[in-house]
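For reference, structure07.txt (compact mmCIF, C-alpha atoms):
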```txt
# COMPACT_ATOMS: atom_id res chain seq x y z
CA MET A 3 -86.46 -105.06 195.11
CA LYS A 4 -85.90 -107.65 192.44
CA ARG A 5 -82.63 -106.65 190.94
CA LYS A 6 -79.07 -106.83 192.17
CA LEU A 7 -77.16 -104.02 193.70
CA ILE A 8 -74.11 -104.29 191.48
CA ALA A 9 -70.53 -103.17 191.72
CA ALA A 10 -69.08 -101.27 188.75
CA VAL A 11 -66.54 -102.92 186.50
CA GLY A 12 -64.09 -101.13 184.28
CA VAL A 13 -65.34 -97.62 185.07
CA ALA A 14 -61.91 -96.07 185.20
CA GLY A 15 -60.89 -97.40 181.82
CA MET A 16 -64.10 -96.29 180.16
CA MET A 17 -63.94 -92.80 181.58
CA VAL A 18 -60.52 -91.67 180.37
CA GLY A 19 -60.89 -88.27 178.79
CA LEU A 20 -64.02 -87.17 180.64
CA ALA A 21 -63.36 -83.50 181.17
CA ALA A 22 -64.89 -81.16 183.70
CA CYS A 23 -66.38 -77.88 182.65
CA GLY A 24 -68.88 -75.34 183.90
CA ASN A 25 -68.88 -72.33 186.11
CA GLY A 26 -70.86 -71.95 189.32
CA ASP A 27 -71.87 -68.32 188.63
CA ASP A 28 -72.92 -69.11 185.07
CA ASP A 29 -74.93 -72.09 186.26
CA LYS A 30 -76.74 -69.99 188.87
CA ALA A 31 -77.51 -67.36 186.27
CA LYS A 32 -78.99 -69.99 183.99
CA ALA A 33 -81.04 -71.40 186.85
CA ASP A 34 -82.33 -67.94 187.78
CA ALA A 35 -83.27 -67.40 184.14
CA GLY A 36 -85.92 -70.08 184.65
CA PRO A 37 -85.10 -73.33 182.85
CA LYS A 38 -88.28 -75.29 182.25
CA GLU A 39 -86.99 -78.81 182.90
CA ILE A 40 -84.40 -80.86 184.75
CA THR A 41 -83.69 -84.51 183.97
CA VAL A 42 -83.16 -87.18 186.60
CA TRP A 43 -81.86 -90.67 185.87
CA VAL A 44 -82.78 -93.42 188.32
CA MET A 45 -82.17 -97.13 188.00
CA ASP A 46 -84.82 -99.76 187.43
CA GLY A 47 -86.36 -100.68 190.80
CA SER A 48 -84.71 -97.91 192.83
CA ALA A 49 -87.38 -95.22 193.03
CA PRO A 50 -90.98 -96.26 193.85
CA LYS A 51 -93.37 -94.17 191.75
CA ALA A 52 -95.34 -92.90 194.74
CA TRP A 53 -92.13 -91.64 196.33
CA ILE A 54 -90.68 -89.99 193.23
CA ASP A 55 -94.03 -88.29 192.62
CA GLU A 56 -93.91 -86.87 196.17
CA VAL A 57 -90.39 -85.52 195.68
CA ASN A 58 -91.30 -83.89 192.38
CA LYS A 59 -94.52 -82.45 193.79
CA GLU A 60 -92.62 -80.76 196.61
CA PHE A 61 -89.90 -79.56 194.23
CA SER A 62 -92.42 -78.13 191.77
CA ALA A 63 -94.20 -76.25 194.56
CA LYS A 64 -90.93 -74.42 195.28
CA HIS A 65 -90.17 -73.90 191.59
CA PRO A 66 -93.38 -73.22 189.64
CA GLY A 67 -92.92 -73.76 185.93
CA VAL A 68 -89.94 -76.09 186.38
CA THR A 69 -90.75 -79.70 185.58
CA VAL A 70 -88.74 -82.79 186.46
CA LYS A 71 -88.29 -85.42 183.80
CA VAL A 72 -87.50 -88.78 185.41
CA GLU A 73 -85.94 -91.40 183.15
CA GLU A 74 -85.57 -94.98 184.39
CA GLN A 75 -82.40 -96.77 183.33
CA LYS A 76 -81.38 -100.44 183.21
CA TRP A 77 -78.28 -101.67 185.05
CA THR A 78 -77.08 -103.61 182.01
CA GLY A 79 -74.66 -101.39 180.09
CA ILE A 80 -75.19 -98.43 182.42
CA GLN A 81 -71.47 -97.64 182.85
CA GLU A 82 -71.03 -96.99 179.16
CA LYS A 83 -74.25 -94.98 178.99
CA VAL A 84 -73.35 -92.79 181.96
CA THR A 85 -69.80 -92.29 180.71
CA THR A 86 -71.09 -91.08 177.36
CA ALA A 87 -73.75 -88.85 178.90
CA LEU A 88 -71.34 -87.14 181.30
CA SER A 89 -68.94 -86.33 178.48
CA GLU A 90 -71.61 -84.61 176.39
CA ASN A 91 -72.97 -81.09 176.64
CA ASN A 92 -76.49 -82.04 177.70
CA PRO A 93 -76.22 -84.76 180.37
CA PRO A 94 -78.94 -85.63 182.88
CA ASP A 95 -78.88 -83.08 185.67
CA VAL A 96 -79.14 -85.63 188.50
CA LEU A 97 -78.25 -89.29 188.22
CA GLU A 98 -78.12 -92.41 190.35
CA LEU A 99 -74.77 -94.17 190.53
CA GLY A 100 -73.76 -97.44 192.17
CA ASN A 101 -71.82 -96.58 195.32
CA THR A 102 -68.66 -98.27 194.02
CA GLN A 103 -68.94 -96.33 190.73
CA THR A 104 -68.94 -92.84 192.18
CA ALA A 105 -65.20 -92.39 192.69
CA GLY A 106 -64.46 -93.30 189.09
CA TYR A 107 -66.81 -90.69 187.69
CA ALA A 108 -65.67 -88.09 190.22
CA VAL A 109 -61.92 -88.27 189.59
CA THR A 110 -62.35 -87.97 185.84
CA GLY A 111 -64.38 -84.78 186.14
CA GLY A 112 -67.88 -86.02 185.39
CA LEU A 113 -69.50 -85.02 188.68
CA ALA A 114 -70.07 -81.65 190.29
CA ASP A 115 -68.16 -80.91 193.49
CA LEU A 116 -70.80 -80.61 196.22
CA THR A 117 -68.47 -79.87 199.12
CA LYS A 118 -69.75 -76.31 199.60
CA GLU A 119 -73.32 -77.62 199.63
CA LYS A 120 -72.81 -80.07 202.52
CA ALA A 121 -74.96 -78.06 204.91
CA GLN A 122 -77.66 -77.53 202.29
CA LEU A 123 -77.71 -81.26 201.57
CA GLY A 124 -77.86 -82.24 205.25
CA ALA A 125 -74.64 -84.24 205.14
CA ASP A 126 -74.15 -84.20 208.92
CA ALA A 127 -77.11 -86.58 209.30
CA TRP A 128 -75.91 -89.15 206.77
CA GLN A 129 -74.66 -92.50 207.98
CA LYS A 130 -70.87 -92.43 207.99
CA SER A 131 -70.64 -95.91 206.47
CA MET A 132 -72.56 -94.65 203.42
CA LEU A 133 -70.91 -91.24 203.24
CA ALA A 134 -67.53 -92.87 202.55
CA SER A 135 -68.58 -93.82 199.02
CA ALA A 136 -69.67 -90.26 198.22
CA GLU A 137 -66.36 -88.57 198.99
CA VAL A 138 -63.00 -88.60 197.23
CA ASP A 139 -59.94 -86.97 198.78
CA GLY A 140 -62.08 -85.06 201.26
CA LYS A 141 -64.44 -83.62 198.65
CA LEU A 142 -68.12 -84.51 198.30
CA TYR A 143 -69.32 -85.61 194.86
CA SER A 144 -72.68 -87.19 195.64
CA ALA A 145 -75.26 -87.84 198.31
CA PRO A 146 -75.63 -91.38 199.64
CA TRP A 147 -79.16 -92.56 198.88
CA TYR A 148 -79.74 -96.13 200.04
CA ALA A 149 -77.85 -99.31 200.81
CA ALA A 150 -78.44 -102.99 201.52
CA ASN A 151 -76.40 -105.79 203.02
CA ARG A 152 -76.43 -109.55 203.34
CA VAL A 153 -77.74 -111.58 206.27
CA VAL A 154 -78.07 -115.28 207.01
CA ILE A 155 -81.35 -116.69 205.70
CA TYR A 156 -82.42 -119.94 207.33
CA ASP A 157 -85.09 -122.63 207.09
CA LYS A 158 -87.04 -122.41 210.34
CA LYS A 159 -88.09 -126.07 210.21
CA ALA A 160 -84.51 -127.30 209.75
CA PHE A 161 -83.29 -125.17 212.65
CA ALA A 162 -86.15 -126.31 214.90
CA LYS A 163 -85.49 -129.96 214.07
CA ALA A 164 -81.83 -129.57 215.04
CA GLY A 165 -82.61 -127.50 218.11
CA VAL A 166 -80.71 -124.51 216.78
CA THR A 167 -81.55 -120.88 217.55
CA PRO A 168 -80.10 -117.89 215.69
CA PRO A 169 -76.49 -117.46 216.87
CA THR A 170 -75.00 -114.20 218.09
CA THR A 171 -71.32 -115.17 217.98
CA ARG A 172 -69.02 -117.06 215.61
CA ASP A 173 -68.63 -119.90 218.11
CA GLU A 174 -72.41 -120.28 218.43
CA TRP A 175 -72.67 -120.26 214.64
CA ILE A 176 -70.21 -123.13 214.28
CA ALA A 177 -71.94 -125.08 217.06
CA GLY A 178 -75.26 -124.63 215.30
CA LEU A 179 -73.88 -125.84 211.97
CA GLU A 180 -72.58 -128.94 213.75
CA LYS A 181 -76.05 -129.64 215.15
CA LEU A 182 -77.65 -129.16 211.73
CA LYS A 183 -75.16 -131.57 210.18
CA ALA A 184 -75.90 -134.20 212.82
CA ALA A 185 -79.68 -133.75 212.63
CA ASP A 186 -79.88 -134.26 208.86
CA PRO A 187 -76.72 -135.43 207.04
CA ALA A 188 -78.53 -135.13 203.69
CA THR A 189 -79.04 -131.38 204.12
CA GLN A 190 -76.34 -128.74 203.80
CA PRO A 191 -76.11 -126.82 207.09
CA ILE A 192 -75.23 -123.81 204.95
CA TYR A 193 -74.91 -123.18 201.22
CA LEU A 194 -71.77 -121.07 200.77
CA PRO A 195 -69.98 -120.98 197.40
CA GLY A 196 -66.22 -120.68 197.48
CA GLN A 197 -66.15 -117.25 195.84
CA SER A 198 -68.68 -115.23 197.85
CA TRP A 199 -66.13 -112.48 198.20
CA TYR A 200 -68.48 -109.87 199.67
CA VAL A 201 -68.88 -112.20 202.66
CA LEU A 202 -65.10 -112.60 202.92
CA ALA A 203 -64.65 -108.82 202.77
CA GLY A 204 -66.70 -108.47 205.96
CA LEU A 205 -64.58 -111.09 207.72
CA ILE A 206 -61.38 -109.32 206.66
CA TRP A 207 -62.72 -106.04 208.05
CA ASP A 208 -63.59 -107.88 211.28
CA GLU A 209 -59.90 -108.79 211.59
CA GLY A 210 -58.81 -105.20 211.09
CA GLY A 211 -57.60 -105.72 207.52
CA ASP A 212 -58.81 -104.53 204.14
CA LEU A 213 -58.95 -105.69 200.52
CA ALA A 214 -56.45 -102.97 199.55
CA VAL A 215 -54.76 -100.08 201.34
CA LYS A 216 -53.08 -96.83 200.34
CA ASP A 217 -49.28 -97.07 200.33
CA GLY A 218 -47.95 -93.57 199.73
CA ALA A 219 -49.24 -92.41 196.37
CA LYS A 220 -50.07 -95.96 195.31
CA TRP A 221 -52.39 -98.73 196.44
CA LYS A 222 -51.44 -102.25 197.42
CA GLY A 223 -53.49 -105.40 197.95
CA GLY A 224 -54.29 -106.62 201.44
CA LEU A 225 -54.90 -110.33 200.90
CA GLY A 226 -51.39 -111.48 201.79
CA THR A 227 -51.71 -110.12 205.32
CA PRO A 228 -52.24 -112.09 208.55
CA GLN A 229 -55.64 -110.42 208.90
CA ALA A 230 -56.84 -111.67 205.51
CA GLY A 231 -55.35 -115.09 206.25
CA ALA A 232 -57.30 -115.32 209.52
CA ALA A 233 -60.49 -114.22 207.78
CA MET A 234 -60.01 -116.79 205.05
CA GLU A 235 -59.43 -119.55 207.60
CA PHE A 236 -62.78 -118.76 209.22
CA TYR A 237 -64.47 -118.61 205.80
CA LYS A 238 -62.94 -122.01 205.01
CA LYS A 239 -64.36 -123.41 208.25
CA ILE A 240 -67.87 -122.21 207.45
CA GLN A 241 -67.58 -123.32 203.84
CA SER A 242 -66.67 -126.85 204.98
CA TYR A 243 -70.31 -127.32 206.01
CA SER A 244 -71.39 -126.68 202.41
CA THR A 245 -71.25 -128.80 199.29
CA ALA A 246 -71.29 -125.67 197.10
CA PRO A 247 -68.55 -125.45 194.46
CA LYS A 248 -65.28 -123.87 195.58
CA ASP A 249 -64.75 -122.12 192.25
CA LYS A 250 -68.15 -120.39 191.85
CA ASP A 251 -69.84 -117.38 193.40
CA GLU A 252 -73.38 -116.92 194.71
CA ALA A 253 -74.73 -115.91 191.30
CA ASN A 254 -73.33 -118.85 189.31
CA PRO A 255 -75.56 -120.71 189.76
CA GLN A 256 -77.96 -118.23 191.29
CA GLN A 257 -78.38 -119.48 194.83
CA SER A 258 -81.81 -117.96 195.42
CA THR A 259 -83.56 -119.47 192.42
CA ASP A 260 -81.37 -122.35 191.21
CA ILE A 261 -80.20 -123.90 194.49
CA VAL A 262 -82.42 -123.12 197.49
CA PRO A 263 -85.77 -124.02 195.86
CA LYS A 264 -84.49 -127.55 195.15
CA GLY A 265 -84.34 -128.19 198.91
CA GLY A 266 -81.61 -129.59 201.09
CA VAL A 267 -80.32 -126.19 202.28
CA ALA A 268 -80.73 -125.25 205.93
CA SER A 269 -79.23 -121.75 205.58
CA TRP A 270 -77.50 -119.41 203.17
CA ILE A 271 -76.24 -115.81 203.01
CA GLY A 272 -78.07 -113.36 200.76
CA LEU A 273 -79.72 -110.01 200.07
CA GLY A 274 -83.38 -109.13 200.49
CA TRP A 275 -84.24 -109.52 196.83
CA GLU A 276 -82.69 -112.99 196.94
CA ALA A 277 -84.84 -114.01 199.90
CA GLY A 278 -87.91 -112.79 198.04
CA GLY A 279 -86.86 -114.62 194.87
CA ALA A 280 -86.37 -117.87 196.76
CA GLU A 281 -89.79 -117.58 198.42
CA LYS A 282 -91.47 -116.98 195.08
CA ALA A 283 -89.66 -119.93 193.46
CA LEU A 284 -90.55 -122.25 196.33
CA LYS A 285 -94.21 -121.29 196.24
CA ALA A 286 -94.30 -121.73 192.46
CA ALA A 287 -93.00 -125.26 192.99
CA GLY A 288 -95.72 -125.95 195.54
CA LYS A 289 -93.29 -125.92 198.48
CA GLU A 290 -93.47 -124.08 201.76
CA ALA A 291 -91.21 -121.06 202.26
CA ASP A 292 -90.68 -120.32 205.93
CA PHE A 293 -87.49 -118.33 206.35
CA GLY A 294 -85.94 -116.67 209.35
CA TYR A 295 -83.09 -114.18 209.32
CA PHE A 296 -80.13 -113.18 211.46
CA PRO A 297 -77.03 -110.98 210.96
CA ILE A 298 -73.75 -112.71 210.16
CA PRO A 299 -72.41 -113.21 213.69
CA GLY A 300 -69.38 -111.34 214.97
CA LYS A 301 -66.67 -112.56 217.29
CA THR A 302 -68.64 -111.35 220.30
CA ALA A 303 -72.36 -110.97 220.93
CA ASP A 304 -72.20 -107.19 221.26
CA LYS A 305 -71.30 -106.60 217.61
CA THR A 306 -72.38 -108.32 214.39
CA SER A 307 -69.89 -109.06 211.65
CA THR A 308 -68.94 -106.19 209.40
CA VAL A 309 -70.84 -106.31 206.11
CA PHE A 310 -70.42 -104.90 202.63
CA LEU A 311 -72.92 -102.13 201.96
CA GLY A 312 -74.03 -102.24 198.35
CA GLY A 313 -76.15 -99.32 197.25
CA SER A 314 -76.54 -96.14 195.28
CA ASN A 315 -75.68 -92.45 195.45
CA LEU A 316 -77.29 -89.44 193.80
CA ALA A 317 -74.98 -87.03 191.98
CA VAL A 318 -75.15 -83.86 189.90
CA ALA A 319 -73.46 -83.83 186.50
CA GLU A 320 -70.64 -81.32 186.19
CA ARG A 321 -71.94 -80.31 182.76
CA SER A 322 -75.53 -79.86 183.91
CA LYS A 323 -77.04 -76.68 182.48
CA ASN A 324 -79.30 -76.42 185.53
CA LYS A 325 -76.81 -77.17 188.26
CA GLU A 326 -78.36 -75.06 191.02
CA LEU A 327 -81.80 -76.55 190.50
CA ALA A 328 -80.26 -80.01 190.33
CA LYS A 329 -78.60 -79.46 193.70
CA GLU A 330 -81.91 -78.34 195.19
CA TRP A 331 -83.68 -81.46 193.88
CA LEU A 332 -80.88 -83.59 195.28
CA ALA A 333 -81.10 -81.91 198.69
CA LEU A 334 -84.82 -82.57 198.77
CA ALA A 335 -84.59 -86.23 197.69
CA ALA A 336 -81.74 -87.02 200.08
CA GLY A 337 -83.18 -85.09 203.03
CA LYS A 338 -84.73 -86.55 206.18
CA ASP A 339 -88.39 -86.02 205.27
CA GLN A 340 -88.22 -87.66 201.86
CA MET A 341 -85.84 -90.38 203.02
CA THR A 342 -88.30 -91.27 205.80
CA LYS A 343 -91.02 -91.63 203.18
CA TYR A 344 -88.63 -93.63 201.01
CA ALA A 345 -87.84 -96.09 203.80
CA ALA A 346 -91.55 -96.56 204.49
CA GLU A 347 -92.37 -96.99 200.81
CA THR A 348 -89.72 -99.69 200.38
CA LYS A 349 -90.85 -101.29 203.68
CA GLY A 350 -87.35 -101.54 205.06
CA ALA A 351 -85.99 -103.50 202.08
CA LEU A 352 -83.31 -100.82 201.72
CA LEU A 353 -81.47 -98.77 204.32
CA PRO A 354 -81.95 -94.98 203.97
CA ASN A 355 -79.00 -92.63 204.13
CA GLN A 356 -79.72 -91.58 207.71
CA ALA A 357 -80.69 -93.49 210.82
CA ALA A 358 -83.40 -90.95 211.67
CA ALA A 359 -85.29 -92.08 208.55
CA ASN A 360 -85.16 -95.79 209.30
CA PHE A 361 -88.32 -97.80 208.78
CA THR A 362 -89.28 -99.94 211.78
CA PRO A 363 -89.71 -103.44 210.36
CA ALA A 364 -91.74 -106.28 211.81
CA ALA A 365 -89.95 -108.44 214.36
CA GLY A 366 -88.18 -111.28 212.61
CA ALA A 367 -88.28 -109.65 209.17
CA PHE A 368 -85.33 -109.59 206.79
CA ALA A 369 -85.21 -105.82 207.17
CA GLU A 370 -84.76 -106.12 210.93
CA ALA A 371 -81.70 -108.35 210.57
CA MET A 372 -80.33 -106.20 207.77
CA GLY A 373 -80.69 -103.05 209.84
CA LYS A 374 -78.84 -104.58 212.80
CA ALA A 375 -75.92 -105.53 210.57
CA GLY A 376 -76.00 -102.39 208.43
CA VAL A 377 -74.68 -100.17 211.21
CA ASN A 378 -71.44 -102.15 210.88
CA GLY A 379 -71.26 -101.70 207.14
CA LYS A 380 -68.32 -100.74 204.93
CA ILE A 381 -67.59 -100.46 201.23
CA THR A 382 -64.71 -101.45 199.00
CA PRO A 383 -61.68 -99.09 198.74
CA VAL A 384 -62.77 -95.70 197.45
CA THR A 385 -60.64 -95.18 194.37
CA ALA A 386 -61.38 -95.15 190.66
CA GLY A 387 -59.05 -98.08 190.07
CA TRP A 388 -61.07 -100.40 192.29
CA ALA A 389 -63.46 -101.11 189.42
CA ASN A 390 -60.58 -102.78 187.59
CA VAL A 391 -60.08 -105.19 190.49
CA GLU A 392 -63.61 -106.54 190.17
CA THR A 393 -63.22 -107.25 186.47
CA GLU A 394 -63.22 -110.99 185.77
CA PRO A 395 -61.14 -112.95 186.48
CA ASN A 396 -61.48 -111.34 189.90
CA PRO A 397 -58.22 -111.93 191.85
CA ILE A 398 -60.11 -112.02 195.18
CA LYS A 399 -62.22 -114.91 193.94
CA GLU A 400 -59.15 -116.73 192.65
CA PHE A 401 -57.43 -116.26 196.03
CA MET A 402 -60.42 -117.79 197.81
CA THR A 403 -60.58 -120.83 195.55
CA LYS A 404 -56.85 -121.48 195.90
CA VAL A 405 -57.03 -121.44 199.70
CA LEU A 406 -60.14 -123.60 199.79
CA LYS A 407 -58.36 -126.13 197.61
CA GLY A 408 -55.37 -126.29 199.95
CA GLU A 409 -52.92 -123.58 198.92
CA ASP A 410 -51.21 -121.58 201.65
CA ALA A 411 -53.19 -118.38 202.33
CA ALA A 412 -50.08 -116.18 202.54
CA LYS A 413 -48.77 -117.37 199.17
CA ALA A 414 -52.16 -117.18 197.45
CA GLY A 415 -52.66 -113.74 199.00
CA ALA A 416 -49.29 -112.46 197.80
CA ASP A 417 -50.11 -113.55 194.25
CA ALA A 418 -53.50 -111.86 194.44
CA ASP A 419 -51.97 -108.68 195.87
CA ALA A 420 -49.62 -108.38 192.90
CA GLU A 421 -52.56 -108.51 190.53
CA ILE A 422 -54.65 -106.14 192.67
CA ALA A 423 -51.82 -103.58 192.72
CA LYS A 424 -51.45 -103.84 188.96
CA ARG A 425 -55.14 -103.20 188.40
CA ILE A 426 -56.01 -100.71 191.12
CA ASN A 427 -53.17 -98.34 190.18
CA LYS A 428 -54.16 -98.12 186.54
```

As structure tokens, how would this structure be written, given the file I've shared?
Amino acid sequence: MKRKLIAAVGVAGMMVGLAACGNGDDDKAKADAGPKEITVWVMDGSAPKAWIDEVNKEFSAKHPGVTVKVEEQKWTGIQEKVTTALSENNPPDVLELGNTQTAGYAVTGGLADLTKEKAQLGADAWQKSMLASAEVDGKLYSAPWYAANRVVIYDKKAFAKAGVTPPTTRDEWIAGLEKLKAADPATQPIYLPGQSWYVLAGLIWDEGGDLAVKDGAKWKGGLGTPQAGAAMEFYKKIQSYSTAPKDKDEANPQQSTDIVPKGGVASWIGLGWEAGGAEKALKAAGKEADFGYFPIPGKTADKTSTVFLGGSNLAVAERSKNKELAKEWLALAAGKDQMTKYAAETKGALLPNQAAANFTPAAGAFAEAMGKAGVNGKITPVTAGWANVETEPNPIKEFMTKVLKGEDAAKAGADADAEIAKRINK
């Protein structure tokens, strides 16, 4: 896949006034009356044509005369487009949503409550780490579809020269970075920008903390805690082996195409599409691309670091005129058979919603490393207000830069928590 899995920004603010409507019995009556078409919105790059054709073929066999109109959307501007569509009387029946967007659309009434359809949808088989993004206050508003997470991408030649093998613990990781530094002082042992906050999130989860936690009826930030401080100290240690800017993230400049292809980088942390982009850029420049991959190491060898799972869910619009048929299409697309075909079609580049559908990747492939780490995946706090936190200037990024530049982690965290609380409770 050659596009980012993005987190939503500003969803809650945009969705004020979205009202729920519809009646289950009326919807079923309309479905039984034989509507001729349902509309499905998927994002650019998410649904391989061969797979979507298979889903629709199976659906049409069960519902002769009902066609499925699939419309591919672009990520740019999608929040506004979805917000508008869900507030109108003729929205798409099924739509793909970023997994951090779902809560915002659910709490403002835009999505159908699927709680009673859990058995029909096969929810018991879904990976728990993905299911978290589909539920709000114990109710199901979407089906997890796919996810992806970051791993360490390394230059095999640089590692071989330094005598370094892929580490399985934090201590081994540090020891390897030391060897890389000694073997070639002109090469960065790792490229790690100061504001790669998805990486930090995993380290905070490793320590038993979180980016924000529920405090009664409100939310409060979690960066001023000892757990976040410990995580940031480890991040700072890893980042000390990099010459990347302390006030930029991995996309500014884009590490995969603007940094790695220039050379002088022994390892970096990225997604599958970034690894592919770097390989393509290196080959275009006439350079060799020989990457290896390993999960971000955990404290002990028996468990990798926790990782952020970016991905998408499939939901049914509350105002869908064909709600029952939409739920049936969703159950088919998110079920084991079609998810197995999906995983095979994407060749393991994305993790399907259930382990039973996992594609078996080649040994040493990016997908293999991603799958090992993905079982320890989590997402950002599930609340509509979280989207406000990610709006620039992101207080998590500012916290990271302050600590990397010498400010006390507890103080920087307390300042960030005040801003997080202000935003997340909007």

In Å, with one decimal, what is the gap from atom CA of Pro169 of chain A to atom CA of Glu370 of chain A?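 Atom-to-atom, atom CA of Pro169 of chain A and atom CA of Glu370 of chain A are spaced 15.2 Å apart.
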
When you look at Asp95 of chain A with a cut-off of 7 Å (counting only C-alpha atoms), what residues show up, excluding the ones that are within fewer than 4 positions of it in the same chain? I need them as a list in words. Ile40, Thr41, Val42, Val318, Ala319, Ser322, Asn324, Lys325 and Ala328 of chain A

Just the selected residues (C-alpha atoms), exported as an mmCIF file, keeping the file's coordinate frame, please.
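Once everything was written out, this is out-v3.cif:
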```cif
data_model
loop_
_atom_site.group_PDB
_atom_site.id
_atom_site.type_symbol
_atom_site.label_atom_id
_atom_site.label_comp_id
_atom_site.auth_asym_id
_atom_site.auth_seq_id
_atom_site.Cartn_x
_atom_site.Cartn_y
_atom_site.Cartn_z
ATOM 1 C CA ILE A 40 -84.400 -80.860 184.750
ATOM 2 C CA THR A 41 -83.690 -84.510 183.970
ATOM 3 C CA VAL A 42 -83.160 -87.180 186.600
ATOM 4 C CA VAL A 318 -75.150 -83.860 189.900
ATOM 5 C CA ALA A 319 -73.460 -83.830 186.500
ATOM 6 C CA SER A 322 -75.530 -79.860 183.910
ATOM 7 C CA ASN A 324 -79.300 -76.420 185.530
ATOM 8 C CA LYS A 325 -76.810 -77.170 188.260
ATOM 9 C CA ALA A 328 -80.260 -80.010 190.330
#
```

Write out as number ranges by chain which residues come within 12 Å of Ala287 of chain A when counting only C-alpha atoms, dropping same-chain ones fewer than 5 positions away. A: 259, 262-265, 280-282

I'd like to know which of A:Gly178, A:Pro146, A:Gly366, A:Gly387 is closest to Gly106 of chain A, using only C-alpha atoms.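 Nearest candidate to Gly106 of chain A out of A:Gly178, A:Pro146, A:Gly366, A:Gly387: A:Gly387.
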
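Closest approach to Glu394 of chain A among A:Glu421, A:Leu99, A:Val138, A:Asp410: A:Glu421, based on only C-alpha atoms.
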
Could you pull segment 336-340 of chain A out of the block above and save it with all heavy atoms, as an mmCIF file, in the first residue's frame?
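Generated output (selection.cif):
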```cif
data_model
loop_
_atom_site.group_PDB
_atom_site.id
_atom_site.type_symbol
_atom_site.label_atom_id
_atom_site.label_comp_id
_atom_site.auth_asym_id
_atom_site.auth_seq_id
_atom_site.Cartn_x
_atom_site.Cartn_y
_atom_site.Cartn_z
ATOM 1 N N ALA A 336 -16.312 -8.600 6.316
ATOM 2 C CA ALA A 336 -15.497 -8.700 7.524
ATOM 3 C C ALA A 336 -15.405 -10.119 8.076
ATOM 4 O O ALA A 336 -14.782 -10.344 9.107
ATOM 5 C CB ALA A 336 -16.067 -7.781 8.612
ATOM 6 N N GLY A 337 -16.010 -11.080 7.368
ATOM 7 C CA GLY A 337 -15.993 -12.462 7.826
ATOM 8 C C GLY A 337 -14.706 -13.192 7.488
ATOM 9 O O GLY A 337 -13.891 -12.728 6.686
ATOM 10 N N LYS A 338 -14.539 -14.376 8.083
ATOM 11 C CA LYS A 338 -13.286 -15.119 7.949
ATOM 12 C C LYS A 338 -12.924 -15.431 6.502
ATOM 13 O O LYS A 338 -11.773 -15.233 6.086
ATOM 14 C CB LYS A 338 -13.366 -16.416 8.751
ATOM 15 C CG LYS A 338 -12.111 -17.271 8.629
ATOM 16 C CD LYS A 338 -12.254 -18.606 9.348
ATOM 17 C CE LYS A 338 -11.036 -19.484 9.093
ATOM 18 N NZ LYS A 338 -11.174 -20.808 9.743
ATOM 19 N N ASP A 339 -13.875 -15.921 5.715
ATOM 20 C CA ASP A 339 -13.561 -16.330 4.345
ATOM 21 C C ASP A 339 -13.027 -15.173 3.516
ATOM 22 O O ASP A 339 -11.982 -15.290 2.863
ATOM 23 C CB ASP A 339 -14.804 -16.925 3.666
ATOM 24 C CG ASP A 339 -15.184 -18.285 4.250
ATOM 25 O OD1 ASP A 339 -14.347 -18.857 4.968
ATOM 26 O OD2 ASP A 339 -16.305 -18.751 3.981
ATOM 27 N N GLN A 340 -13.745 -14.057 3.538
ATOM 28 C CA GLN A 340 -13.306 -12.917 2.725
ATOM 29 C C GLN A 340 -12.074 -12.243 3.311
ATOM 30 O O GLN A 340 -11.235 -11.722 2.573
ATOM 31 C CB GLN A 340 -14.450 -11.915 2.555
ATOM 32 C CG GLN A 340 -15.559 -12.391 1.618
ATOM 33 C CD GLN A 340 -15.077 -12.635 0.201
ATOM 34 O OE1 GLN A 340 -14.021 -12.158 -0.220
ATOM 35 N NE2 GLN A 340 -15.856 -13.394 -0.562
#
```
